[in-house]
file query01.csv (CSV, C-alpha atoms)
chain,number,residue,atom,x,y,z
A,55,MET,CA,51.7,61.4,46.5
A,56,ARG,CA,48.4,60.3,48.0
A,57,GLN,CA,46.0,63.2,48.5
A,58,ASP,CA,43.7,63.4,51.5
A,59,VAL,CA,40.0,63.1,50.8
A,60,SER,CA,37.4,65.3,52.6
A,61,THR,CA,33.8,64.1,52.6
A,62,ILE,CA,30.9,66.5,52.2
A,63,LYS,CA,27.6,65.3,53.4
A,64,VAL,CA,25.4,66.8,50.7
A,65,LYS,CA,22.2,66.5,52.8
A,66,GLU,CA,23.7,68.7,55.5
A,67,ILE,CA,24.4,71.4,53.0
A,68,CYS,CA,21.4,71.3,50.7
A,69,GLY,CA,18.8,69.2,52.4
A,70,SER,CA,17.0,66.1,51.1
A,71,HIS,CA,15.9,67.7,47.8
A,72,CYS,CA,18.8,69.0,45.7
A,73,VAL,CA,17.1,70.9,42.9
A,74,GLY,CA,18.5,74.0,41.4
A,75,VAL,CA,20.9,76.9,41.4
A,76,GLU,CA,20.7,77.8,45.1
A,77,ASP,CA,21.5,74.3,46.3
A,78,GLY,CA,24.1,73.8,43.6
A,79,LEU,CA,26.0,76.9,44.4
A,80,LYS,CA,26.1,76.0,48.1
A,81,LEU,CA,27.7,72.7,47.3
A,82,PHE,CA,30.0,74.3,44.7
A,83,GLN,CA,31.5,76.6,47.3
A,84,LYS,CA,32.2,73.7,49.6
A,85,ILE,CA,33.8,71.7,46.8
A,86,ILE,CA,36.2,74.5,45.7
A,87,GLU,CA,37.2,75.2,49.3
A,88,ILE,CA,38.4,71.6,49.6
A,89,ILE,CA,40.1,71.4,46.2
A,90,GLU,CA,41.8,74.7,46.6
A,91,SER,CA,43.2,73.5,49.9
A,92,GLY,CA,44.9,70.6,48.0
A,93,ARG,CA,42.5,67.8,49.0
A,94,LYS,CA,40.3,65.5,47.0
A,95,VAL,CA,36.5,65.7,47.7
A,96,CYS,CA,34.0,62.9,48.2
A,97,LEU,CA,30.4,63.9,47.9
A,98,ASP,CA,28.2,61.7,50.1
A,99,PHE,CA,24.6,61.7,48.9
A,100,GLU,CA,23.3,59.5,51.6
A,101,GLY,CA,19.8,60.7,52.7
A,102,VAL,CA,19.3,62.8,49.5
A,103,ILE,CA,16.0,62.0,47.9
A,104,THR,CA,16.0,64.2,44.8
A,105,ILE,CA,18.9,65.2,42.5
A,106,THR,CA,18.2,67.2,39.3
A,107,SER,CA,20.6,67.8,36.5
A,108,SER,CA,20.4,71.6,37.0
A,109,PHE,CA,21.6,71.1,40.6
A,110,LEU,CA,24.5,68.9,39.4
A,111,ASN,CA,25.4,71.6,36.8
A,112,TYR,CA,25.7,74.3,39.4
A,113,SER,CA,27.7,72.1,41.8
A,114,ILE,CA,29.9,69.6,39.9
A,115,GLY,CA,29.6,71.2,36.4
A,116,LYS,CA,30.5,74.6,37.7
A,117,THR,CA,33.6,73.2,39.4
A,118,PHE,CA,34.9,72.2,36.0
A,119,GLY,CA,34.1,75.6,34.6
A,120,TYR,CA,35.8,77.3,37.6
A,121,PHE,CA,39.1,75.4,37.4
A,122,LYS,CA,39.0,75.2,33.6
A,123,ARG,CA,40.7,71.8,33.4
A,124,THR,CA,39.4,68.3,32.8
A,125,SER,CA,41.8,66.7,35.3
A,126,ILE,CA,39.6,68.1,38.0
A,127,GLU,CA,37.6,64.9,37.5
A,128,ASN,CA,40.3,62.9,39.4
A,129,LEU,CA,39.7,65.1,42.4
A,130,ILE,CA,35.9,64.5,42.8
A,131,GLN,CA,34.4,61.2,44.0
A,132,TRP,CA,30.9,60.5,45.1
A,133,LYS,CA,28.9,57.8,46.8
A,134,GLY,CA,25.4,57.1,48.1
A,135,VAL,CA,23.5,57.5,44.8
A,136,ASP,CA,21.5,55.0,42.9
A,137,ASP,CA,22.3,53.9,39.3
A,138,SER,CA,20.2,56.6,37.6
A,139,ASP,CA,21.6,59.5,39.6
A,140,ASN,CA,25.1,58.0,39.0
A,141,GLN,CA,24.4,58.2,35.2
A,142,LEU,CA,23.2,61.7,35.6
A,143,ILE,CA,26.4,62.8,37.3
A,144,ASN,CA,28.4,61.1,34.6
A,145,ILE,CA,26.4,63.1,31.9
A,146,VAL,CA,27.1,66.4,33.6
A,147,ILE,CA,30.8,65.6,33.9
A,148,MET,CA,30.9,64.4,30.2
A,149,ASN,CA,29.2,67.7,29.1
A,150,ALA,CA,31.5,69.8,31.2
A,151,LYS,CA,34.6,68.1,29.7
A,152,GLU,CA,33.1,68.4,26.2
A,153,TYR,CA,32.5,72.2,26.7
A,154,LEU,CA,35.9,72.8,28.2
A,155,ALA,CA,37.5,71.4,25.0
A,156,LYS,CA,35.7,74.0,22.9
A,157,THR,CA,37.1,77.4,21.8
A,158,LYS,CA,35.2,80.6,22.8
A,159,ASP,CA,33.6,80.6,19.4
A,160,GLY,CA,32.7,77.0,19.7
A,161,LEU,CA,31.0,77.7,23.1
A,162,LYS,CA,29.1,80.6,21.6
A,163,ASN,CA,27.9,78.6,18.7
A,164,THR,CA,26.8,75.7,20.9
A,165,ASN,CA,24.9,78.2,23.0
A,166,ASP,CA,23.2,79.6,19.9
A,167,VAL,CA,22.2,76.1,18.6
A,168,ILE,CA,20.6,75.2,22.0
A,169,LYS,CA,18.8,78.5,22.4
A,170,ARG,CA,17.5,78.6,18.8
A,171,SER,CA,16.3,75.0,19.0
A,172,ILE,CA,14.4,75.6,22.2
A,173,ILE,CA,12.8,78.8,20.9
A,174,GLU,CA,11.9,77.1,17.6
A,175,GLU,CA,10.2,74.2,19.5
A,176,ASN,CA,8.7,76.0,22.4
A,177,GLY,CA,8.6,79.7,21.7
A,178,GLU,CA,10.4,82.4,23.6
A,179,PHE,CA,12.1,81.6,26.9
B,138,MET,CA,-3.1,93.2,13.4
B,139,GLU,CA,-5.5,93.3,16.3
B,140,ASN,CA,-4.5,94.9,19.6
B,141,PHE,CA,-3.8,92.1,22.0
B,142,ASP,CA,-4.0,92.3,25.7
B,143,LEU,CA,-3.6,88.9,27.5
B,144,ALA,CA,-5.8,90.3,30.4
B,145,ASP,CA,-8.8,90.4,28.0
B,146,HIS,CA,-8.5,86.7,27.5
B,147,LEU,CA,-7.6,85.7,31.0
B,148,ARG,CA,-9.8,82.9,32.4
B,149,SER,CA,-7.6,81.3,35.1
B,150,GLU,CA,-6.2,82.3,38.5
B,151,VAL,CA,-2.5,83.2,38.5
B,152,ILE,CA,-0.2,82.7,41.5
B,153,ASP,CA,3.3,84.2,41.6
B,154,ILE,CA,5.6,81.4,42.9
B,155,ARG,CA,8.1,84.0,44.1
B,156,GLU,CA,5.7,85.2,46.7
B,157,PRO,CA,7.0,83.5,49.9
B,158,THR,CA,3.4,83.2,51.3
B,159,CYS,CA,1.8,81.6,48.2
B,160,SER,CA,-0.4,78.7,49.2
B,161,LEU,CA,0.5,75.3,47.9
B,162,PRO,CA,-2.0,72.9,46.2
B,163,LYS,CA,-2.3,69.2,47.3
B,164,LYS,CA,-1.8,68.1,43.7
B,165,ILE,CA,-0.1,69.9,40.8
B,166,LEU,CA,0.5,69.2,37.1
B,167,ILE,CA,4.1,70.0,35.9
B,168,ASP,CA,4.3,71.4,32.4
B,169,THR,CA,7.0,70.5,29.8
B,170,ASN,CA,8.9,73.8,30.1
B,171,ILE,CA,9.6,73.1,33.9
B,172,LEU,CA,10.9,69.7,33.0
B,173,TYR,CA,13.6,71.1,30.7
B,174,PHE,CA,14.5,74.0,33.0
B,175,CYS,CA,15.1,71.5,35.8
B,176,TYR,CA,15.9,68.2,34.1
B,177,TYR,CA,17.7,69.0,30.9
B,178,ASP,CA,21.3,69.8,31.9
B,179,ARG,CA,22.2,71.7,28.6
B,180,PHE,CA,19.8,74.4,29.6
B,181,SER,CA,21.9,75.7,32.5
B,182,GLN,CA,25.3,74.5,31.4
B,183,LEU,CA,26.4,77.4,29.3
B,184,GLU,CA,25.7,80.0,32.0
B,185,ILE,CA,27.8,77.9,34.4
B,186,LEU,CA,30.7,77.9,32.0
B,187,GLY,CA,30.4,81.7,31.6
B,188,GLU,CA,28.9,81.9,28.2
B,189,SER,CA,25.4,82.9,28.9
B,190,VAL,CA,23.3,85.0,31.3
B,191,ARG,CA,21.2,83.2,33.8
B,192,CYS,CA,17.5,83.5,33.0
B,193,TYR,CA,14.7,83.8,35.7
B,194,GLN,CA,13.4,80.3,34.8
B,195,ILE,CA,16.6,78.7,36.0
B,196,GLU,CA,16.3,80.5,39.3
B,197,ALA,CA,12.6,80.6,40.2
B,198,TYR,CA,11.2,77.2,39.2
B,199,PRO,CA,13.7,74.9,40.9
B,200,ILE,CA,13.2,76.9,44.2
B,201,PHE,CA,9.5,76.3,43.9
B,202,LEU,CA,9.9,72.7,42.9
B,203,LYS,CA,12.0,72.1,46.0
B,204,LYS,CA,9.2,73.7,48.1
B,205,LEU,CA,6.7,71.3,46.5
B,206,PHE,CA,9.0,68.3,47.1
B,207,SER,CA,9.5,69.3,50.8
B,208,SER,CA,5.8,69.9,51.4
B,209,GLU,CA,4.9,66.5,49.9
B,210,VAL,CA,2.6,67.9,47.3
B,211,GLN,CA,1.7,65.2,44.8
B,212,LEU,CA,3.4,66.0,41.4
B,213,PHE,CA,1.9,64.8,38.2
B,214,VAL,CA,3.0,64.9,34.5
B,215,HIS,CA,0.9,64.1,31.5
B,216,LYS,CA,2.3,61.8,28.9
B,217,ILE,CA,1.9,64.7,26.3
B,218,ALA,CA,4.4,66.7,28.4
B,219,LEU,CA,6.8,63.8,28.6
B,220,LEU,CA,6.6,63.3,24.8
B,221,GLU,CA,7.1,67.1,24.2
B,222,PHE,CA,10.2,67.0,26.5
B,223,ILE,CA,11.6,63.9,24.7
B,224,ASN,CA,11.0,65.5,21.4
B,225,LEU,CA,12.6,68.8,22.3
B,226,VAL,CA,15.7,67.2,23.8
B,227,LYS,CA,16.0,64.9,20.9
B,228,LYS,CA,15.9,67.8,18.4
B,229,VAL,CA,18.3,69.9,20.4
B,230,GLU,CA,20.8,67.0,20.6
B,231,LEU,CA,20.5,66.2,16.9
B,232,LYS,CA,21.1,69.8,16.0
B,233,LEU,CA,24.2,69.9,18.3
B,234,LEU,CA,25.4,66.7,16.6
B,235,TYR,CA,24.9,68.4,13.2
B,236,TYR,CA,27.0,71.4,14.4
B,237,GLN,CA,29.6,69.0,15.7
B,238,ILE,CA,29.9,67.1,12.4
B,239,TYR,CA,29.6,70.0,9.9
B,240,ASN,CA,31.2,72.6,12.1
B,241,THR,CA,28.5,75.2,11.4
B,242,PRO,CA,25.8,76.5,13.8
B,243,GLU,CA,23.6,77.3,10.9
B,244,ILE,CA,21.2,74.4,10.8
B,245,PRO,CA,19.4,74.3,7.4
B,246,LEU,CA,15.7,75.3,7.5
B,247,ASP,CA,14.8,72.0,5.8
B,248,PHE,CA,16.9,69.9,8.2
B,249,ASN,CA,15.5,66.4,8.1
B,250,PHE,CA,15.7,64.8,11.6
B,251,LYS,CA,14.7,61.4,10.4
B,252,LYS,CA,17.2,61.2,7.6
B,253,PHE,CA,20.0,62.6,9.8
B,254,SER,CA,19.2,60.1,12.6
B,255,ARG,CA,19.5,57.2,10.0
B,256,GLU,CA,22.8,58.5,8.7
B,257,TYR,CA,24.3,58.8,12.2
B,258,TYR,CA,22.3,56.0,13.9
B,259,GLU,CA,25.0,55.1,16.4
B,260,LYS,CA,25.1,58.7,17.6
B,261,TYR,CA,21.3,58.7,17.6
B,262,PHE,CA,21.3,55.6,19.8
B,263,SER,CA,23.6,57.4,22.2
B,264,ILE,CA,21.1,60.4,22.3
B,265,GLN,CA,18.4,57.8,23.1
B,266,ARG,CA,20.5,56.5,26.0
B,267,ARG,CA,20.9,60.1,27.3
B,268,LEU,CA,17.1,60.6,27.2
B,269,VAL,CA,16.5,57.4,29.1
B,270,ILE,CA,18.7,58.8,31.9
B,271,TYR,CA,16.7,62.0,32.0
B,272,LEU,CA,13.4,60.1,32.1
B,273,ASN,CA,14.6,57.8,34.9
B,274,SER,CA,15.3,60.9,36.9
B,275,ILE,CA,11.9,62.4,36.2
B,276,ARG,CA,9.9,59.2,36.9
B,277,LYS,CA,11.3,59.0,40.4
B,278,LYS,CA,9.4,62.1,41.4
B,279,PHE,CA,6.3,62.4,39.3
B,280,LYS,CA,3.1,60.4,38.8
B,281,LEU,CA,1.5,60.1,35.4
B,282,VAL,CA,-1.9,61.5,34.9
B,283,SER,CA,-4.2,58.5,34.4
B,284,LEU,CA,-6.2,58.3,31.2
B,285,SER,CA,-9.7,57.1,31.6
B,286,GLY,CA,-13.1,57.8,30.2
B,287,GLU,CA,-15.2,57.5,27.1
B,288,ILE,CA,-13.5,58.9,24.0
B,289,SER,CA,-16.4,61.0,22.8
B,290,GLN,CA,-16.8,62.6,26.2
B,291,ILE,CA,-13.1,63.3,26.5
B,292,LEU,CA,-12.9,64.8,23.0
B,293,GLU,CA,-16.0,67.0,23.7
B,294,ASP,CA,-14.3,68.2,27.0
B,295,ILE,CA,-11.1,68.9,25.2
B,296,PHE,CA,-12.7,71.0,22.4
B,297,LEU,CA,-14.7,72.9,25.1
B,298,LYS,CA,-11.5,73.6,27.0
B,299,TRP,CA,-9.6,74.6,23.9
B,300,GLN,CA,-12.3,76.8,22.4
B,301,ASN,CA,-11.6,80.6,22.7
B,302,SER,CA,-8.3,79.9,24.4
B,303,LEU,CA,-4.8,80.7,23.1
B,304,ALA,CA,-3.3,77.5,24.5
B,305,ASP,CA,-2.6,74.6,22.1
B,306,ILE,CA,-4.7,71.5,21.9
B,307,GLY,CA,-2.1,69.5,23.7
B,308,GLU,CA,-2.3,71.7,26.7
B,309,ALA,CA,-6.1,71.6,26.7
B,310,THR,CA,-5.9,67.8,26.6
B,311,MET,CA,-3.5,67.7,29.5
B,312,PHE,CA,-5.8,69.8,31.6
B,313,VAL,CA,-9.0,68.0,30.8
B,314,GLU,CA,-7.4,64.7,31.8
B,315,ALA,CA,-5.7,66.2,34.9
B,316,GLU,CA,-9.1,67.6,36.0
B,317,ARG,CA,-10.5,64.0,35.9
B,318,ASP,CA,-7.7,63.2,38.4
B,319,GLY,CA,-8.8,66.1,40.6
B,320,ILE,CA,-5.9,68.3,39.6
B,321,ASN,CA,-6.5,71.9,38.5
B,322,SER,CA,-3.2,73.5,39.5
B,323,VAL,CA,-0.3,73.6,37.1
B,324,LEU,CA,3.3,74.8,37.3
B,325,SER,CA,4.3,76.4,34.0
B,326,ASP,CA,6.1,79.2,32.4
B,327,ASP,CA,3.7,79.4,29.5
B,328,SER,CA,1.5,82.5,29.7
B,329,ASP,CA,-1.1,81.2,27.2
B,330,ILE,CA,-2.3,78.8,29.9
B,331,VAL,CA,-4.1,81.8,31.6
B,332,THR,CA,-6.6,81.7,28.7
B,333,LEU,CA,-7.8,78.2,29.7
B,334,SER,CA,-10.8,78.0,32.1
B,335,ASN,CA,-10.8,76.4,35.5
B,336,VAL,CA,-7.0,76.4,35.9
B,337,ARG,CA,-4.8,77.7,38.7
B,338,LEU,CA,-1.5,78.7,37.1
B,339,TYR,CA,1.6,78.7,39.4
B,340,THR,CA,4.2,80.7,37.5
B,341,ALA,CA,7.1,83.2,37.5
B,342,ASN,CA,6.1,84.5,34.1
B,343,GLU,CA,5.7,88.2,34.3
B,344,LYS,CA,3.3,88.5,31.3
B,345,ALA,CA,0.9,86.1,33.1
B,346,ILE,CA,1.3,87.7,36.5
B,347,GLU,CA,0.8,91.3,35.1
B,348,ALA,CA,-2.3,90.2,33.1
B,349,PHE,CA,-3.8,88.7,36.2
B,350,LYS,CA,-3.2,91.9,38.2
B,351,ARG,CA,-4.7,94.1,35.4
B,352,LYS,CA,-7.7,91.9,35.2
B,353,ARG,CA,-8.2,92.0,38.9
B,354,ASN,CA,-7.9,95.8,39.0
B,355,GLN,CA,-10.5,96.0,36.2
B,356,CYS,CA,-13.0,94.0,38.3

call {"tool": "encode", "arguments": {"input": "query01.csv", "output": "structure tokens"}}
result
Amino acid sequence: MRQDVSTIKVKEICGSHCVGVEDGLKLFQKIIEIIESGRKVCLDFEGVITITSSFLNYSIGKTFGYFKRTSIENLIQWKGVDDSDNQLINIVIMNAKEYLAKTKDGLKNTNDVIKRSIIEENGEF
Amino acid sequence: MENFDLADHLRSEVIDIREPTCSLPKKILIDTNILYFCYYDRFSQLEILGESVRCYQIEAYPIFLKKLFSSEVQLFVHKIALLEFINLVKKVELKLLYYQIYNTPEIPLDFNFKKFSREYYEKYFSIQRRLVIYLNSIRKKFKLVSLSGEISQILEDIFLKWQNSLADIGEATMFVEAERDGINSVLSDDSDIVTLSNVRLYTANEKAIEAFKRKRNQC
């Protein structure tokens, strides 16, 4: 069965600069509303000047965490990004899928490795 | 151990970026820690997947960065900050790879990054590719601090800046060269920067903000 696709104009939700938690969570809410209503979502980044990986984590990455299944990938499409932002989106999805495959202990250990490494290199954070 | 109060060593101005009325500079230097809070996806990923608590850095700095982008403030990075960012991400990724391969989060104290990179060179190349993606994202928004001047003068300025401060020499170097580009504001989470002279620190770091308030009350 072919699913309907709803387009979200990211600029209308988050503005031209999509940078962190706040913007990411606004977009996340819109994404899950659409997916929960049984439709696919297309993120249209036209007019967006800045995209950071922390923004992508809180929007696309969090969607994977929320639904806890990798097949969610098939329900999210995007357009209007250049090659480097496209690669960044793919990294965030790859990481989300990698993390979803881990056990609870595996996630805790990954967390510890990241935190300890950053503290060792850069002091407390 | 000597009693230490950051306020006694404070030589810079500190601006709390969470204050809605804080004035914005025309040019600002972005420190390494801000790069990984905003541009290294691993940093915020675990909180998103429900395995970690969100820290203030993830909240405060992107909001301020957005303000800077929207106000068309010119953003600069120094190549030292870029190298520190690359080095940090490379090391975190190599340690994650070690954990993946050996299934233990206990990384040996004598872990040899070079040897490990050689042994798993294909995985190392894939880490390099990931880094290039991060750097491409950074370079779209930031200008590089230009390096110019006579080496002896630069070194003298660096030593002067570094002397009696608690910042490391890399930070002192960044600020000396940034000053030559007319930049004396910096966005950073590192409280030691307050011990450098002629710097305006934009931060959400409580230690730095409190030290500045204490010092101001003393005056």

call {"tool": "residues_around", "arguments": {"input": "query01.csv", "residues": "Ser207 (chain B)", "least_positions_apart": "5", "cutoff": "9 Å", "atoms": "all atoms listed in the file", "output": "PDB file with C-alpha atoms, in the coordinates of the input"}}
result
ATOM      1  CA  SER A  70      17.000  66.100  51.100  1.00  0.00           C
ATOM      2  CA  HIS A  71      15.900  67.700  47.800  1.00  0.00           C
TER       3      HIS A  71
ATOM      4  CA  LEU B 202       9.900  72.700  42.900  1.00  0.00           C
TER       5      LEU B 202
END

call {"tool": "residues_around", "arguments": {"input": "query01.csv", "residues": "Ala309 (chain B)", "least_positions_apart": "2", "cutoff": "8 Å", "atoms": "all atoms listed in the file", "output": "PyMOL selection string"}}
result
chain B and resi 295-296+298-299+304-307+311-313+333

call {"tool": "closest_residue", "arguments": {"input": "query01.csv", "among": "A:Ile114, A:Leu129, A:Met148, A:Gln141", "to": "Leu268 (chain B)", "atoms": "only C-alpha atoms"}}
result
A:Gln141

call {"tool": "interface_residues", "arguments": {"input": "query01.csv", "of": "chain A", "to": "chain B", "cutoff": "10 Å", "atoms": "all atoms listed in the file", "output": "PyMOL selection string"}}
result
chain A and resi 69-77+103-113+115-120+122+137-142+145-146+149-150+153-154+158+160-172+174-179

call {"tool": "residues_around", "arguments": {"input": "query01.csv", "residues": "region 55-68 of chain A", "least_positions_apart": "5", "cutoff": "7 Å", "atoms": "all atoms listed in the file", "output": "ChimeraX atom specification"}}
result
/A:77,80-81,93-99,101-102

call {"tool": "closest_residue", "arguments": {"input": "query01.csv", "among": "B:Leu281, B:Ile165, B:Leu234, B:Ala144", "to": "Leu219 (chain B)", "atoms": "all atoms listed in the file"}}
result
B:Leu281

call {"tool": "atom_distance", "arguments": {"input": "query01.csv", "atom1": "CA of Ser160 (chain B)", "atom2": "CA of Leu79 (chain A)"}}
result
26.9 Å

call {"tool": "atom_distance", "arguments": {"input": "query01.csv", "atom1": "CA of Asp153 (chain B)", "atom2": "CA of Ser283 (chain B)"}}
result
27.7 Å
